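Student: This structure is in structure tokens; I'll ask about it shortly.
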Amino acid sequence: MKQLVILSGKGGTGKTSITASFAALSKNFILVDADVDAADLHLVTSPEILSTHDFIAGQEAEINPDLCEGCGNCKDLCRFDAIMEQDETYTVDPYACEGCGLCARYCPTDAIAMNPVVSGQWFKSETKNGPFYHAKLGIAADNSGKMVATIREQASNAAQENGQDLVIIDGPPGIGCPVIASLTGCDLVFVITEPTPSGLHDLQRVTELAHHFKIPVLSAVNKADLDDEMTEKIEKYCEENNIRTLGRIPFDPAFVKSMINKVSIVEYSSGAGAMAVRNIWQKVNYQLELEN
């Protein structure tokens with residue numbers, strides 16, 4: 001089983017559109033949306049949710065008013081200002097509580113309990129092209145890296161049990177904890193960028209991260225014909241840094257139209273954009289076969 005992650009270093013470069021297209025062109029695979037903070041791959045794949053699971057991460061303090069004697073010790077100790085007082089009654093602000101447990105440890109009457117926190121849900125779904133694992137992080141919830149690791153583990157286990165030979169991961173933007181959780185242990189990173197200074201900068205950041213984990217990197221430039229000079233600059237950087245460039249994807253309004261119709265561009269169009277994506281997928285697939 002191989003694991004391919006599609007990254008961009010920033011949002012809005014076409015990463016999800018490319019991922020959906022790769023899924024439409026693949027066989028015997030499992031799809032993962034690792035952008036749990038702002039998941040959107042389901043908008044293109046129209047999944048049928050088969051099961052929903054709570055994601056529990058961290059803990060949160062709760063004060064039992066029947067046991068609390070109003071000493072205020074917890075409020076004095078809390079460095080996050082999560083303990084609120086009103087008329088000598090103490091309560092916990094759930095958005096401020098970091099779950100450190102210090103208040104519970106030093107409560108003289110054991111009035112404070114540390115309860116597990118449901119930070120979101122993850123889903124096992126089915127699409128017309130194959131199985132799909134995705135998640136939704138709760139409002140103001142943290143531990144998105146752990147949630148990414150959870151759905152990746154679930155997808156990997158399912159692939160091994162069912163004999164799927166590829167896991168395709170739509171990674172989150174940036175280079176933070178969720179991205180690291182998305183790419184560690186993967187066999188191949190495909191980076192999609194755009195011909196802008198910020199596109200080059202973010203390509204540099206995410207490829208440096210992939211190289212740190214010693215994962216091979218492939219790349220392509222989306223909307224490449226909007227700035228030929230910047231596209232050439234990006235390709236030169238890739239050549240100088242051992243990053244294989246697979247091609248250029250032209251600007252094509254069919255990308256937007258395909259998303260409106262909730263399908264990938266390779267299912268919606270036979271135009272220049274779709275043909276470029278098909279050609280790139282053939283090269284990605286060939287590289288995955290070489291990894292064997």
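Chain labels follow the order of the structure tokens: the first chain is A, the next B, and so on; residue numbering restarts at 1 in every chain, and ligands are counted from 1 in their shown order.
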At a cut-off of 12 Å, can you tabulate as a Markdown table every residue of segment 4-87 of chain A near segment 222-228 of chain A together with its closest atom pair and the distance in Å to one decimal, using only C-alpha atoms and ordering rows by chain then number?

Tutor:
```
| residue | atom | partner | partner_atom | distance |
| --- | --- | --- | --- | --- |
| A:Ser8 | CA | A:Asn222 | CA | 10.6 |
| A:Gly12 | CA | A:Asn222 | CA | 10.4 |
| A:Thr13 | CA | A:Asn222 | CA | 6.9 |
| A:Gly14 | CA | A:Asn222 | CA | 7.1 |
| A:Lys15 | CA | A:Asn222 | CA | 9.3 |
| A:Ser17 | CA | A:Asn222 | CA | 10.7 |
| A:Ile18 | CA | A:Asn222 | CA | 9.6 |
```

Student: May I have the residues from that selection written out with C-alpha atoms, as a short mmCIF file (atom, residue, chain, number, x, y, z; two decimals), in the first residue's frame?

Tutor:
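Writing done, so here's out-v7.cif:
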```cif
data_model
loop_
_atom_site.label_atom_id
_atom_site.label_comp_id
_atom_site.auth_asym_id
_atom_site.auth_seq_id
_atom_site.Cartn_x
_atom_site.Cartn_y
_atom_site.Cartn_z
CA SER A 8 0.12 23.38 -1.58
CA GLY A 12 -6.69 28.37 -3.04
CA THR A 13 -4.17 26.83 -5.42
CA GLY A 14 -6.44 24.05 -6.67
CA LYS A 15 -5.31 21.31 -4.31
CA SER A 17 -9.72 20.02 -7.34
CA ILE A 18 -6.59 18.05 -8.20
#
```

Student: Run DSSP on the backbone and tell me which residues of segment 12-160 of chain A come out as strand (DSSP E); list them as an mmCIF file with N, CA and C atoms, in the first residue's frame.

Tutor:
```cif
data_model
loop_
_atom_site.group_PDB
_atom_site.id
_atom_site.type_symbol
_atom_site.label_atom_id
_atom_site.label_comp_id
_atom_site.auth_asym_id
_atom_site.auth_seq_id
_atom_site.Cartn_x
_atom_site.Cartn_y
_atom_site.Cartn_z
ATOM 1 N N PHE A 29 -8.505 2.430 -4.294
ATOM 2 C CA PHE A 29 -7.891 3.425 -3.426
ATOM 3 C C PHE A 29 -8.834 3.801 -2.292
ATOM 4 N N ILE A 30 -8.294 4.526 -1.303
ATOM 5 C CA ILE A 30 -9.082 5.160 -0.249
ATOM 6 C C ILE A 30 -8.722 6.637 -0.235
ATOM 7 N N LEU A 31 -9.736 7.481 -0.106
ATOM 8 C CA LEU A 31 -9.562 8.928 -0.143
ATOM 9 C C LEU A 31 -9.656 9.501 1.273
ATOM 10 N N VAL A 32 -8.773 10.467 1.574
ATOM 11 C CA VAL A 32 -8.752 11.105 2.894
ATOM 12 C C VAL A 32 -8.709 12.618 2.717
ATOM 13 N N ASP A 33 -9.592 13.327 3.425
ATOM 14 C CA ASP A 33 -9.505 14.785 3.484
ATOM 15 C C ASP A 33 -8.887 15.161 4.826
ATOM 16 N N GLU A 48 -21.662 9.610 0.708
ATOM 17 C CA GLU A 48 -22.726 9.071 1.566
ATOM 18 C C GLU A 48 -22.077 8.631 2.868
ATOM 19 N N ILE A 49 -22.440 9.277 3.980
ATOM 20 C CA ILE A 49 -21.823 8.966 5.260
ATOM 21 C C ILE A 49 -22.352 7.630 5.766
ATOM 22 N N LEU A 50 -21.425 6.704 6.029
ATOM 23 C CA LEU A 50 -21.793 5.379 6.526
ATOM 24 C C LEU A 50 -21.772 5.314 8.043
ATOM 25 N N SER A 51 -20.843 6.041 8.672
ATOM 26 C CA SER A 51 -20.763 6.047 10.134
ATOM 27 C C SER A 51 -20.105 7.335 10.604
ATOM 28 N N THR A 52 -20.527 7.789 11.788
ATOM 29 C CA THR A 52 -20.013 9.012 12.402
ATOM 30 C C THR A 52 -19.422 8.672 13.763
ATOM 31 N N HIS A 53 -18.252 9.236 14.055
ATOM 32 C CA HIS A 53 -17.548 8.914 15.298
ATOM 33 C C HIS A 53 -17.087 10.204 15.969
ATOM 34 N N ASP A 54 -17.266 10.282 17.279
ATOM 35 C CA ASP A 54 -16.761 11.426 18.035
ATOM 36 C C ASP A 54 -15.249 11.374 18.110
ATOM 37 N N PHE A 55 -14.642 12.538 17.996
ATOM 38 C CA PHE A 55 -13.193 12.664 18.187
ATOM 39 C C PHE A 55 -12.958 13.307 19.549
ATOM 40 N N ILE A 56 -12.373 12.542 20.456
ATOM 41 C CA ILE A 56 -12.131 13.014 21.821
ATOM 42 C C ILE A 56 -10.656 13.351 21.969
ATOM 43 N N ALA A 57 -10.388 14.590 22.331
ATOM 44 C CA ALA A 57 -9.004 15.025 22.492
ATOM 45 C C ALA A 57 -8.938 16.048 23.613
ATOM 46 N N GLY A 58 -8.101 15.798 24.593
ATOM 47 C CA GLY A 58 -7.943 16.732 25.691
ATOM 48 C C GLY A 58 -9.013 16.566 26.755
ATOM 49 N N GLN A 59 -8.983 17.468 27.723
ATOM 50 C CA GLN A 59 -9.934 17.435 28.826
ATOM 51 C C GLN A 59 -10.294 18.856 29.233
ATOM 52 N N GLU A 60 -11.346 18.956 30.027
ATOM 53 C CA GLU A 60 -11.869 20.263 30.412
ATOM 54 C C GLU A 60 -12.372 20.196 31.851
ATOM 55 N N ALA A 61 -12.092 21.246 32.607
ATOM 56 C CA ALA A 61 -12.486 21.275 34.020
ATOM 57 C C ALA A 61 -13.969 21.573 34.165
ATOM 58 N N GLU A 62 -14.576 20.974 35.183
ATOM 59 C CA GLU A 62 -15.973 21.249 35.533
ATOM 60 C C GLU A 62 -16.090 21.292 37.048
ATOM 61 N N ILE A 63 -16.693 22.343 37.574
ATOM 62 C CA ILE A 63 -16.815 22.524 39.015
ATOM 63 C C ILE A 63 -18.194 22.062 39.480
ATOM 64 N N ILE A 83 -11.347 30.459 35.149
ATOM 65 C CA ILE A 83 -12.284 30.327 36.263
ATOM 66 C C ILE A 83 -13.011 31.655 36.452
ATOM 67 N N MET A 84 -14.332 31.607 36.393
ATOM 68 C CA MET A 84 -15.146 32.810 36.532
ATOM 69 C C MET A 84 -15.870 32.790 37.882
ATOM 70 N N GLU A 85 -15.960 33.987 38.485
ATOM 71 C CA GLU A 85 -16.611 34.107 39.792
ATOM 72 C C GLU A 85 -17.776 35.080 39.711
ATOM 73 N N GLN A 86 -18.885 34.659 40.297
ATOM 74 C CA GLN A 86 -20.049 35.539 40.392
ATOM 75 C C GLN A 86 -20.828 35.163 41.661
ATOM 76 N N THR A 89 -19.757 32.153 43.496
ATOM 77 C CA THR A 89 -19.974 30.899 42.774
ATOM 78 C C THR A 89 -18.966 30.830 41.629
ATOM 79 N N TYR A 90 -18.300 29.687 41.511
ATOM 80 C CA TYR A 90 -17.227 29.553 40.532
ATOM 81 C C TYR A 90 -17.649 28.601 39.412
ATOM 82 N N THR A 91 -17.386 29.033 38.196
ATOM 83 C CA THR A 91 -17.659 28.218 37.013
ATOM 84 C C THR A 91 -16.451 28.276 36.090
ATOM 85 N N VAL A 92 -16.445 27.402 35.083
ATOM 86 C CA VAL A 92 -15.319 27.298 34.154
ATOM 87 C C VAL A 92 -15.749 27.793 32.781
ATOM 88 N N ILE A 112 -13.668 19.648 41.598
ATOM 89 C CA ILE A 112 -13.396 19.874 40.170
ATOM 90 C C ILE A 112 -13.062 18.545 39.505
ATOM 91 N N ALA A 113 -13.782 18.231 38.450
ATOM 92 C CA ALA A 113 -13.533 17.024 37.659
ATOM 93 C C ALA A 113 -12.965 17.420 36.303
ATOM 94 N N MET A 114 -12.077 16.605 35.772
ATOM 95 C CA MET A 114 -11.522 16.815 34.441
ATOM 96 C C MET A 114 -12.220 15.855 33.489
ATOM 97 N N ASN A 115 -13.057 16.394 32.623
ATOM 98 C CA ASN A 115 -13.879 15.579 31.725
ATOM 99 C C ASN A 115 -13.296 15.562 30.320
ATOM 100 N N PRO A 116 -13.406 14.423 29.644
ATOM 101 C CA PRO A 116 -12.942 14.372 28.249
ATOM 102 C C PRO A 116 -13.764 15.307 27.367
ATOM 103 N N VAL A 117 -13.102 15.847 26.340
ATOM 104 C CA VAL A 117 -13.736 16.835 25.458
ATOM 105 C C VAL A 117 -13.935 16.242 24.064
ATOM 106 N N VAL A 118 -15.139 16.351 23.563
ATOM 107 C CA VAL A 118 -15.402 15.979 22.168
ATOM 108 C C VAL A 118 -15.049 17.174 21.295
ATOM 109 N N SER A 119 -13.980 17.044 20.514
ATOM 110 C CA SER A 119 -13.474 18.161 19.720
ATOM 111 C C SER A 119 -13.995 18.186 18.291
ATOM 112 N N GLY A 120 -14.766 17.182 17.926
ATOM 113 C CA GLY A 120 -15.297 17.131 16.568
ATOM 114 C C GLY A 120 -15.755 15.734 16.226
ATOM 115 N N GLN A 121 -16.003 15.490 14.954
ATOM 116 C CA GLN A 121 -16.417 14.167 14.483
ATOM 117 C C GLN A 121 -15.600 13.772 13.260
ATOM 118 N N TRP A 122 -15.371 12.469 13.125
ATOM 119 C CA TRP A 122 -14.794 11.967 11.881
ATOM 120 C C TRP A 122 -15.770 10.970 11.256
ATOM 121 N N PHE A 123 -15.683 10.846 9.934
ATOM 122 C CA PHE A 123 -16.705 10.127 9.190
ATOM 123 C C PHE A 123 -16.075 9.081 8.270
ATOM 124 N N LYS A 124 -16.713 7.958 8.218
ATOM 125 C CA LYS A 124 -16.409 6.953 7.199
ATOM 126 C C LYS A 124 -17.507 7.038 6.159
ATOM 127 N N SER A 125 -17.149 7.296 4.910
ATOM 128 C CA SER A 125 -18.144 7.520 3.859
ATOM 129 C C SER A 125 -17.813 6.718 2.619
ATOM 130 N N GLU A 126 -18.738 6.766 1.688
ATOM 131 C CA GLU A 126 -18.553 6.117 0.396
ATOM 132 C C GLU A 126 -18.883 7.127 -0.695
ATOM 133 N N PRO A 131 -14.020 4.543 -1.200
ATOM 134 C CA PRO A 131 -14.179 4.906 0.208
ATOM 135 C C PRO A 131 -13.536 6.258 0.521
ATOM 136 N N PHE A 132 -14.080 6.915 1.536
ATOM 137 C CA PHE A 132 -13.667 8.288 1.847
ATOM 138 C C PHE A 132 -13.699 8.487 3.355
ATOM 139 N N TYR A 133 -12.578 8.952 3.928
ATOM 140 C CA TYR A 133 -12.499 9.278 5.345
ATOM 141 C C TYR A 133 -12.274 10.783 5.481
ATOM 142 N N HIS A 134 -13.116 11.427 6.293
ATOM 143 C CA HIS A 134 -13.007 12.868 6.458
ATOM 144 C C HIS A 134 -13.474 13.238 7.855
ATOM 145 N N ALA A 135 -13.324 14.512 8.227
ATOM 146 C CA ALA A 135 -13.613 14.928 9.600
ATOM 147 C C ALA A 135 -14.000 16.391 9.640
ATOM 148 N N LYS A 136 -14.557 16.767 10.785
ATOM 149 C CA LYS A 136 -14.931 18.163 11.013
ATOM 150 C C LYS A 136 -14.538 18.529 12.431
ATOM 151 N N LEU A 137 -13.593 19.445 12.562
ATOM 152 C CA LEU A 137 -13.155 19.899 13.871
ATOM 153 C C LEU A 137 -14.175 20.882 14.430
#
```

Student: As a count of residues only, please: every residue in segment 154-185 of chain A that DSSP puts in helix (DSSP H, G or I).

Tutor: 16

Student: For Asn279 of chain A, which residue among A:Glu232, A:Ser21, A:Lys10, A:Glu88 is the nearest when counting only C-alpha atoms?

Tutor: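 Under the stated criterion, the closest residue is A:Ser21.
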
Student: Just checking: using only C-alpha atoms, which residue out of A:Ile265, A:Met1, A:Ala104, A:Cys97 ends up closest to Gly163 of chain A?

Tutor: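 Checking each candidate against Gly163 of chain A, we get A:Met1 as the closest.
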
Student: Using only C-alpha atoms, which residues sit within 10 Å of Val263 of chain A once same-chain residues fewer than 2 positions away are excluded, as a ChimeraX atom specification?

Tutor: /A:17,20-21,24,43-46,255,257-261,265-269
